[in-house]
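Engineer: File name input.txt; file contents compact mmCIF, C-alpha atoms and all ligand atoms; full text below.
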```
# COMPACT_ATOMS: atom_id res chain seq x y z
CA MET A 1 0.00 0.00 0.00
CA VAL A 2 2.77 2.42 0.96
CA GLN A 3 4.58 1.54 -2.20
CA PHE A 4 1.50 2.25 -4.31
CA ARG A 5 1.14 5.75 -2.81
CA GLN A 6 4.73 6.55 -3.71
CA TYR A 7 4.22 5.46 -7.30
CA SER A 8 0.96 7.33 -7.67
CA SER A 9 2.49 10.65 -6.58
CA LEU A 10 5.26 10.11 -9.12
CA ILE A 11 2.63 9.63 -11.82
CA TYR A 12 0.76 12.79 -10.74
CA CYS A 13 3.98 14.82 -10.97
CA THR A 14 4.72 13.50 -14.43
CA VAL A 15 1.22 14.29 -15.67
CA ALA A 16 1.37 17.81 -14.16
CA LEU A 17 4.72 18.51 -15.83
CA PHE A 18 3.36 17.34 -19.17
CA LEU A 19 0.33 19.64 -18.86
CA VAL A 20 2.52 22.68 -18.11
CA LEU A 21 4.72 21.99 -21.14
CA ALA A 22 1.77 21.31 -23.45
CA SER A 23 -0.10 24.48 -22.41
CA GLY A 24 2.33 26.78 -24.23
CA CYS A 25 3.98 28.23 -21.14
CA THR A 26 7.26 27.73 -22.92
CA GLY A 27 6.58 30.75 -25.19
CA ASP A 28 7.73 29.14 -28.41
CA PRO A 29 8.32 32.11 -30.78
CA GLN A 30 7.14 30.22 -33.86
CA GLN A 31 3.86 29.35 -32.21
CA GLU A 32 3.47 33.00 -31.19
CA GLN A 33 3.76 34.29 -34.77
CA GLN A 34 0.67 32.34 -35.70
CA GLU A 35 -1.44 33.94 -32.97
CA ALA A 36 -3.29 36.42 -35.16
CA ASN A 37 -6.92 36.90 -36.13
CA ASN A 38 -8.35 36.71 -39.69
CA SER A 39 -7.25 40.22 -40.64
CA GLY A 40 -3.65 39.46 -39.63
CA GLU A 41 -3.88 41.41 -36.39
CA ALA A 42 -1.57 39.97 -33.73
CA THR A 43 -3.38 38.77 -30.60
CA VAL A 44 -0.33 37.83 -28.52
CA PHE A 45 3.20 39.26 -28.32
CA GLU A 46 6.06 38.12 -26.09
CA GLY A 47 3.57 35.79 -24.37
CA LYS A 48 1.27 38.67 -23.47
CA GLU A 49 -2.34 39.05 -24.62
CA LEU A 50 -3.06 42.13 -26.79
CA THR A 51 -6.24 44.22 -26.73
CA PRO A 52 -7.94 43.92 -30.16
CA ILE A 53 -7.92 47.21 -32.09
CA SER A 54 -11.74 47.01 -32.29
CA GLU A 55 -11.88 47.24 -28.48
CA GLN A 56 -9.58 50.27 -28.19
CA ARG A 57 -11.17 53.68 -27.83
CA ASN A 58 -10.63 56.97 -29.55
CA ASN A 59 -11.69 60.12 -27.75
CA ALA A 60 -9.46 62.58 -29.57
CA ILE A 61 -10.31 66.28 -29.33
CA GLN A 62 -11.52 66.60 -32.97
CA GLY A 63 -12.29 62.97 -33.83
CA SER A 64 -10.35 61.02 -36.45
CA GLN A 65 -7.95 62.69 -38.84
CA TYR A 66 -7.38 61.45 -42.38
CA ILE A 67 -3.85 61.98 -43.65
CA ASP A 68 -2.79 61.31 -47.25
CA GLN A 69 0.18 58.94 -47.23
CA ASP A 70 1.46 60.24 -50.61
CA THR A 71 1.74 63.90 -49.58
CA TYR A 72 2.52 63.34 -45.88
CA GLU A 73 5.76 64.72 -44.47
CA LEU A 74 7.12 64.63 -40.93
CA ARG A 75 9.01 67.85 -40.25
CA ILE A 76 11.74 67.85 -37.57
CA TYR A 77 13.09 71.32 -36.79
CA GLY A 78 14.16 73.76 -34.07
CA MET A 79 17.39 73.15 -32.17
CA VAL A 80 18.75 70.56 -34.60
CA ASP A 81 21.76 70.71 -36.93
CA ASN A 82 19.90 69.47 -40.01
CA PRO A 83 16.15 70.03 -40.15
CA VAL A 84 14.43 67.32 -42.22
CA ASN A 85 11.14 66.60 -43.95
CA LEU A 86 10.61 62.83 -44.06
CA SER A 87 8.13 61.08 -46.34
CA TYR A 88 6.12 58.07 -45.16
CA ASP A 89 8.32 55.74 -47.22
CA GLN A 90 11.47 57.27 -45.76
CA LEU A 91 10.15 56.67 -42.22
CA LEU A 92 9.43 53.01 -43.02
CA ALA A 93 12.91 52.53 -44.49
CA TYR A 94 14.67 53.09 -41.13
CA PRO A 95 15.40 50.09 -38.89
CA SER A 96 12.22 49.19 -36.99
CA VAL A 97 11.62 48.08 -33.42
CA SER A 98 8.65 46.25 -31.88
CA ARG A 99 7.59 46.41 -28.24
CA PHE A 100 4.70 45.41 -25.97
CA VAL A 101 3.53 48.61 -24.28
CA ARG A 102 0.37 49.50 -22.35
CA LEU A 103 -1.38 52.85 -22.94
CA ASP A 104 -3.04 54.23 -19.80
CA CYS A 105 -5.37 57.17 -20.25
CA VAL A 106 -5.49 59.45 -17.21
CA GLU A 107 -9.27 58.82 -17.13
CA GLY A 108 -8.67 55.23 -16.02
CA TRP A 109 -9.05 53.13 -19.18
CA GLY A 110 -6.19 51.60 -21.12
CA PHE A 111 -5.12 48.86 -23.50
CA ASP A 112 -2.20 46.55 -24.22
CA ALA A 113 -0.64 46.52 -27.68
CA LYS A 114 2.30 45.52 -29.81
CA TRP A 115 3.81 48.66 -31.29
CA THR A 116 6.18 48.77 -34.25
CA GLY A 117 7.97 51.86 -35.50
CA VAL A 118 11.14 53.93 -35.65
CA THR A 119 12.89 55.31 -32.57
CA LEU A 120 13.43 59.02 -32.09
CA ASN A 121 17.11 58.25 -31.47
CA THR A 122 17.30 56.95 -35.05
CA LEU A 123 15.79 60.20 -36.38
CA PHE A 124 17.80 62.45 -34.04
CA ASN A 125 20.92 60.70 -35.26
CA GLU A 126 20.01 62.06 -38.68
CA THR A 127 19.15 65.62 -37.58
CA GLY A 128 21.70 66.07 -34.81
CA ILE A 129 20.55 67.84 -31.64
CA ASN A 130 21.88 71.11 -30.23
CA SER A 131 23.59 70.38 -26.89
CA SER A 132 21.49 72.94 -25.00
CA ALA A 133 18.14 71.44 -26.11
CA THR A 134 15.90 70.11 -23.31
CA THR A 135 12.38 69.64 -24.67
CA VAL A 136 10.64 68.09 -27.68
CA ILE A 137 7.21 69.25 -28.90
CA PHE A 138 4.92 67.01 -30.98
CA TYR A 139 2.40 68.81 -33.20
CA CYS A 140 -0.59 66.94 -34.64
CA ALA A 141 -2.95 67.30 -37.59
CA ASP A 142 -5.94 68.05 -35.33
CA GLY A 143 -4.24 71.01 -33.64
CA TYR A 144 -3.28 68.89 -30.61
CA SER A 145 0.22 69.15 -29.18
CA THR A 146 2.20 67.79 -26.27
CA SER A 147 5.83 67.78 -25.16
CA LEU A 148 8.30 65.53 -23.41
CA GLU A 149 11.78 65.99 -22.03
CA LEU A 150 14.52 65.19 -24.51
CA ALA A 151 16.34 63.07 -21.89
CA TYR A 152 13.24 60.89 -21.33
CA LEU A 153 12.89 60.25 -25.08
CA VAL A 154 16.59 59.49 -25.57
CA ASP A 155 17.17 57.41 -22.41
CA ASN A 156 14.07 55.23 -22.96
CA ASP A 157 14.64 54.92 -26.70
CA ILE A 158 11.04 56.03 -27.30
CA MET A 159 9.49 55.19 -30.69
CA LEU A 160 7.10 56.70 -33.19
CA ALA A 161 4.81 53.80 -34.09
CA TYR A 162 3.39 53.19 -37.56
CA LYS A 163 1.99 49.74 -36.75
CA LEU A 164 -0.28 48.50 -33.97
CA ASN A 165 -0.68 44.74 -33.39
CA ASP A 166 1.09 44.24 -36.76
CA ILE A 167 -1.52 46.36 -38.60
CA THR A 168 -0.69 49.72 -40.20
CA LEU A 169 -2.19 52.34 -37.85
CA PRO A 170 -5.80 52.92 -38.92
CA ALA A 171 -6.91 56.57 -39.30
CA ASP A 172 -8.67 56.60 -35.93
CA ARG A 173 -5.60 55.17 -34.20
CA GLY A 174 -3.35 58.00 -35.42
CA PHE A 175 -2.13 57.20 -38.94
CA PRO A 176 0.62 57.72 -39.89
CA LEU A 177 2.35 58.03 -36.48
CA GLN A 178 1.57 57.75 -32.78
CA LEU A 179 4.17 58.44 -30.12
CA VAL A 180 4.57 55.42 -27.81
CA ALA A 181 5.26 57.37 -24.61
CA GLU A 182 5.97 54.39 -22.34
CA ASP A 183 5.10 54.95 -18.66
CA LYS A 184 3.43 58.30 -19.44
CA TYR A 185 -0.34 58.97 -19.41
CA GLY A 186 -2.18 58.75 -22.74
CA TYR A 187 -2.20 62.52 -23.30
CA LYS A 188 1.54 62.29 -24.08
CA TRP A 189 0.86 59.67 -26.81
CA ALA A 190 0.47 62.16 -29.69
CA LYS A 191 -1.43 60.82 -32.73
CA TRP A 192 -1.39 62.09 -36.36
CA ILE A 193 2.01 63.70 -35.73
CA THR A 194 3.01 66.17 -38.45
CA ALA A 195 5.92 68.05 -36.85
CA ILE A 196 8.49 67.70 -34.10
CA GLU A 197 10.18 70.79 -32.67
CA VAL A 198 13.25 70.72 -30.42
CA ILE A 199 13.50 73.61 -27.93
CA ASN A 200 15.26 74.54 -24.67
CA GLU A 201 12.43 75.48 -22.31
CA PRO A 202 9.36 73.72 -20.87
CA TYR A 203 6.25 73.63 -23.09
CA GLU A 204 2.64 72.95 -22.13
CA GLY A 205 0.52 71.14 -24.72
CA TYR A 206 -3.25 70.96 -25.17
CA TRP A 207 -4.17 69.15 -21.93
CA GLU A 208 -1.16 70.33 -19.95
CA SER A 209 -2.09 74.00 -20.51
CA VAL A 210 -5.48 73.44 -18.82
CA GLY A 211 -3.92 71.84 -15.75
CA TYR A 212 -2.85 68.28 -16.51
CA ASN A 213 0.55 67.43 -15.04
CA ASN A 214 3.39 68.03 -17.48
CA ASN A 215 5.34 64.96 -16.27
CA ALA A 216 2.36 62.65 -16.77
CA ASP A 217 4.04 59.65 -15.12
CA VAL A 218 1.61 56.71 -14.96
CA GLY A 219 0.60 56.35 -11.31
CA GLY A 220 1.65 59.94 -10.58
CA PRO A 221 -0.58 62.98 -10.14
CA ALA A 222 -2.97 63.91 -12.95
CA PHE A 223 -3.28 67.60 -12.08
CA GLU A 224 -0.82 68.57 -9.36
CA ARG A 225 2.07 70.76 -10.49
N1 LIG B 1 -3.54 64.31 -32.00
C1 LIG B 1 -4.06 63.84 -30.85
N2 LIG B 1 -3.36 62.95 -30.15
C2 LIG B 1 -3.87 62.46 -29.00
C3 LIG B 1 -5.10 62.90 -28.48
C4 LIG B 1 -5.82 63.87 -29.24
O1 LIG B 1 -6.93 64.31 -28.89
N3 LIG B 1 -5.26 64.30 -30.43
N4 LIG B 1 -5.56 62.39 -27.27
C5 LIG B 1 -4.57 61.81 -26.37
C6 LIG B 1 -5.15 61.05 -25.26
S1 LIG B 1 -5.85 61.94 -24.01
C7 LIG B 1 -5.08 59.68 -25.19
S2 LIG B 1 -5.63 58.80 -23.84
C8 LIG B 1 -4.52 58.91 -26.30
C9 LIG B 1 -5.48 57.81 -26.71
O2 LIG B 1 -4.89 57.12 -27.71
P1 LIG B 1 -5.74 56.21 -28.65
O3 LIG B 1 -6.93 57.03 -29.10
O4 LIG B 1 -4.81 55.87 -29.74
O5 LIG B 1 -6.17 55.08 -27.83
O6 LIG B 1 -4.23 59.70 -27.44
C10 LIG B 1 -3.59 60.92 -27.12
N5 LIG B 1 -3.14 61.53 -28.33
MO MO B 2 -6.42 60.43 -22.40
```
Take the structure in the file and write it out as structure tokens.
Ligand SMILES: Nc1nc2c(c(=O)[nH]1)N[C@H]1C(S)=C(S)[C@@H](COP(=O)(O)O)O[C@H]1N2
Ligand SMILES: [Mo]
Structural biologist:
Amino acid sequence: MVQFRQYSSLIYCTVALFLVLASGCTGDPQQEQQEANNSGEATVFEGKELTPISEQRNNAIQGSQYIDQDTYELRIYGMVDNPVNLSYDQLLAYPSVSRFVRLDCVEGWGFDAKWTGVTLNTLFNETGINSSATTVIFYCADGYSTSLELAYLVDNDIMLAYKLNDITLPADRGFPLQLVAEDKYGYKWAKWITAIEVINEPYEGYWESVGYNNNADVGGPAFER
């Protein structure tokens, strides 16, 4: 009888181990690539579940913006050595990065996504940055703007995304570019970006100028200055 109990616990352990391995906890990258819905939208990235685009909200100040890919240009100017105007194709030609990042709106909703795009460091490498610059402003097609500290953008290798869950950003998600401002509240995640200005003083964007905190750290104060 004693002997039987010992054997049976060995069998239980073996079965449990098999179940863990078979359940996909191993994060096989090839299996992960196939986790997409019919339209090719990724549903899982780095073992983490993604919020479907259809379940993400858009409460932008002027509703969706529709930008023509053929005439679009991203202008980078201000305290840079070489101002540039980059076409959509030029932006896509730079080396790309992909990351899992959560967007948290200050109002309490949020979503998890796979973002793919070009880092600002890649673009700043092209333009050069004046050594006394401190701040970067993002201007958008709907008149929205926001800013972030240059050091935050450089140190965290922040990207401008042109894909969301492997899909080219739809118009209501910010086509052609949304800033993926990791660890900052959603109001720093500029959509429909048309210009980037580098300056050397603080700047208050659309929501910041009516009282939202200019640091916008997720978990930090929404209004306090
Ligand atoms: N151009 C533009 N960008 C914007 C906004 C906006 O109104 N206009 N709203 C911001 C806010 S408050 C949030 S929470 C996020 C929401 O991003 P999403 O609509 O892509 O989910 O976009 C940010 N970027
Ligand atoms: Mo927001």
Engineer: Can you pull out the residues contacting Leu86 (chain A)? Cut-off 7 Å, using only C-alpha atoms, and skip same-chain residues under 5 positions away; I want them as a tab-separated table (two decimals) with C-alpha atoms, in the frame of the given file.
Structural biologist:
```
chain	number	residue	atom	x	y	z
A	73	GLU	CA	5.76	64.72	-44.47
A	74	LEU	CA	7.12	64.63	-40.93
A	75	ARG	CA	9.01	67.85	-40.25
A	91	LEU	CA	10.15	56.67	-42.22
```
Engineer: Between A:Ser64, A:Ser131, A:Ser39, A:Ser209, which has the minimum distance to Met79 (chain A) (counting all atoms listed in the file)?
Structural biologist: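 Going through A:Ser64, A:Ser131, A:Ser39, A:Ser209 one by one, the smallest distance to Met79 (chain A) is for A:Ser131.
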Engineer: Just want the 10 Å neighbourhood of Arg102 (chain A), counted on all atoms listed in the file, with same-chain residues fewer than 4 positions away dropped. Output as a list in words.
Structural biologist: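 Counting all atoms listed in the file, the residues come to Leu50, Thr51, Gly110, Phe111, Asp112, Ala113, Lys114, Trp115, Val180, Ala181, Glu182, Asp183, Lys184, Tyr185 and Gly186 of chain A.
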Engineer: Closest to ligand LIG 1 (chain B) among A:Leu123, A:Ala60, A:Ile193, A:Leu103, using only C-alpha atoms and all ligand atoms?
Structural biologist: A:Ala60
Engineer: From (12.9, 49.3, -35.9), in the file's coordinates, out to 12 Å: which residues are reached, counting all atoms listed in the file? Answer as a list of chain:residue names.
Structural biologist: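 Residues lying no farther than 12 Å from the given point: A:Leu91, A:Leu92, A:Ala93, A:Tyr94, A:Pro95, A:Ser96, A:Val97, A:Ser98, A:Arg99, A:Trp115, A:Thr116, A:Gly117, A:Val118, A:Thr119, A:Leu120, A:Asn121, A:Thr122, A:Leu123, A:Asp157, A:Ile158, A:Met159, A:Leu160, A:Ala161, A:Tyr162, A:Lys163.
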Engineer: Take the residues that were just selected and, keeping C-alpha atoms, output them as a compact mmCIF listing (two decimals), in the frame of the given file.
Structural biologist:
```txt
# COMPACT_ATOMS: atom_id res chain seq x y z
CA LEU A 91 10.15 56.67 -42.22
CA LEU A 92 9.43 53.01 -43.02
CA ALA A 93 12.91 52.53 -44.49
CA TYR A 94 14.67 53.09 -41.13
CA PRO A 95 15.40 50.09 -38.89
CA SER A 96 12.22 49.19 -36.99
CA VAL A 97 11.62 48.08 -33.42
CA SER A 98 8.65 46.25 -31.88
CA ARG A 99 7.59 46.41 -28.24
CA TRP A 115 3.81 48.66 -31.29
CA THR A 116 6.18 48.77 -34.25
CA GLY A 117 7.97 51.86 -35.50
CA VAL A 118 11.14 53.93 -35.65
CA THR A 119 12.89 55.31 -32.57
CA LEU A 120 13.43 59.02 -32.09
CA ASN A 121 17.11 58.25 -31.47
CA THR A 122 17.30 56.95 -35.05
CA LEU A 123 15.79 60.20 -36.38
CA ASP A 157 14.64 54.92 -26.70
CA ILE A 158 11.04 56.03 -27.30
CA MET A 159 9.49 55.19 -30.69
CA LEU A 160 7.10 56.70 -33.19
CA ALA A 161 4.81 53.80 -34.09
CA TYR A 162 3.39 53.19 -37.56
CA LYS A 163 1.99 49.74 -36.75
```
Engineer: For a test of reading the model, state the distance in Å between CA of Gly143 (chain A) and CA of Gly78 (chain A), rounded to one decimal.
Structural biologist: 18.6 Å
Engineer: Report as a tab-separated table: every residue of chain A with an atom at most 8 Å from ligand MO 2 (chain B), its closest pair of atoms, and their distance in Å to one decimal, counting all atoms listed in the file, with rows sorted by chain and ascending residue number.
Structural biologist:
```
residue	atom	partner	partner_atom	distance
A:Asn59	CA	B:MO2	MO	7.5
A:Asp104	CA	B:MO2	MO	7.5
A:Cys105	CA	B:MO2	MO	4.0
A:Val106	CA	B:MO2	MO	5.4
A:Glu107	CA	B:MO2	MO	6.2
A:Tyr185	CA	B:MO2	MO	6.9
A:Gly186	CA	B:MO2	MO	4.6
A:Tyr187	CA	B:MO2	MO	4.8
```
Engineer: In Å to one decimal, how far is CA of Thr194 (chain A) from CA of Val84 (chain A)?
Structural biologist: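 Atom-to-atom, CA of Val84 (chain A) to CA of Thr194 (chain A), that is 12.1 Å.
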Engineer: Ligand LIG 1 (chain B), all listed atoms, 4 Å padding on each side: what axis-aligned box centre and edge lengths in Å to one decimal come out, as AutoDock Vina command-line options?
Structural biologist:
```
--center_x -5.0 --center_y 59.7 --center_z -27.9 --size_x 11.8 --size_y 17.2 --size_z 16.2
```
Engineer: Could the residues that lie within 6 Å of ligand LIG 1 (chain B), counting all atoms listed in the file, be listed as JSON, numbers by chain?
Structural biologist: {"A": [56, 57, 58, 59, 60, 61, 105, 140, 142, 144, 173, 186, 187, 189, 190, 191, 192]}
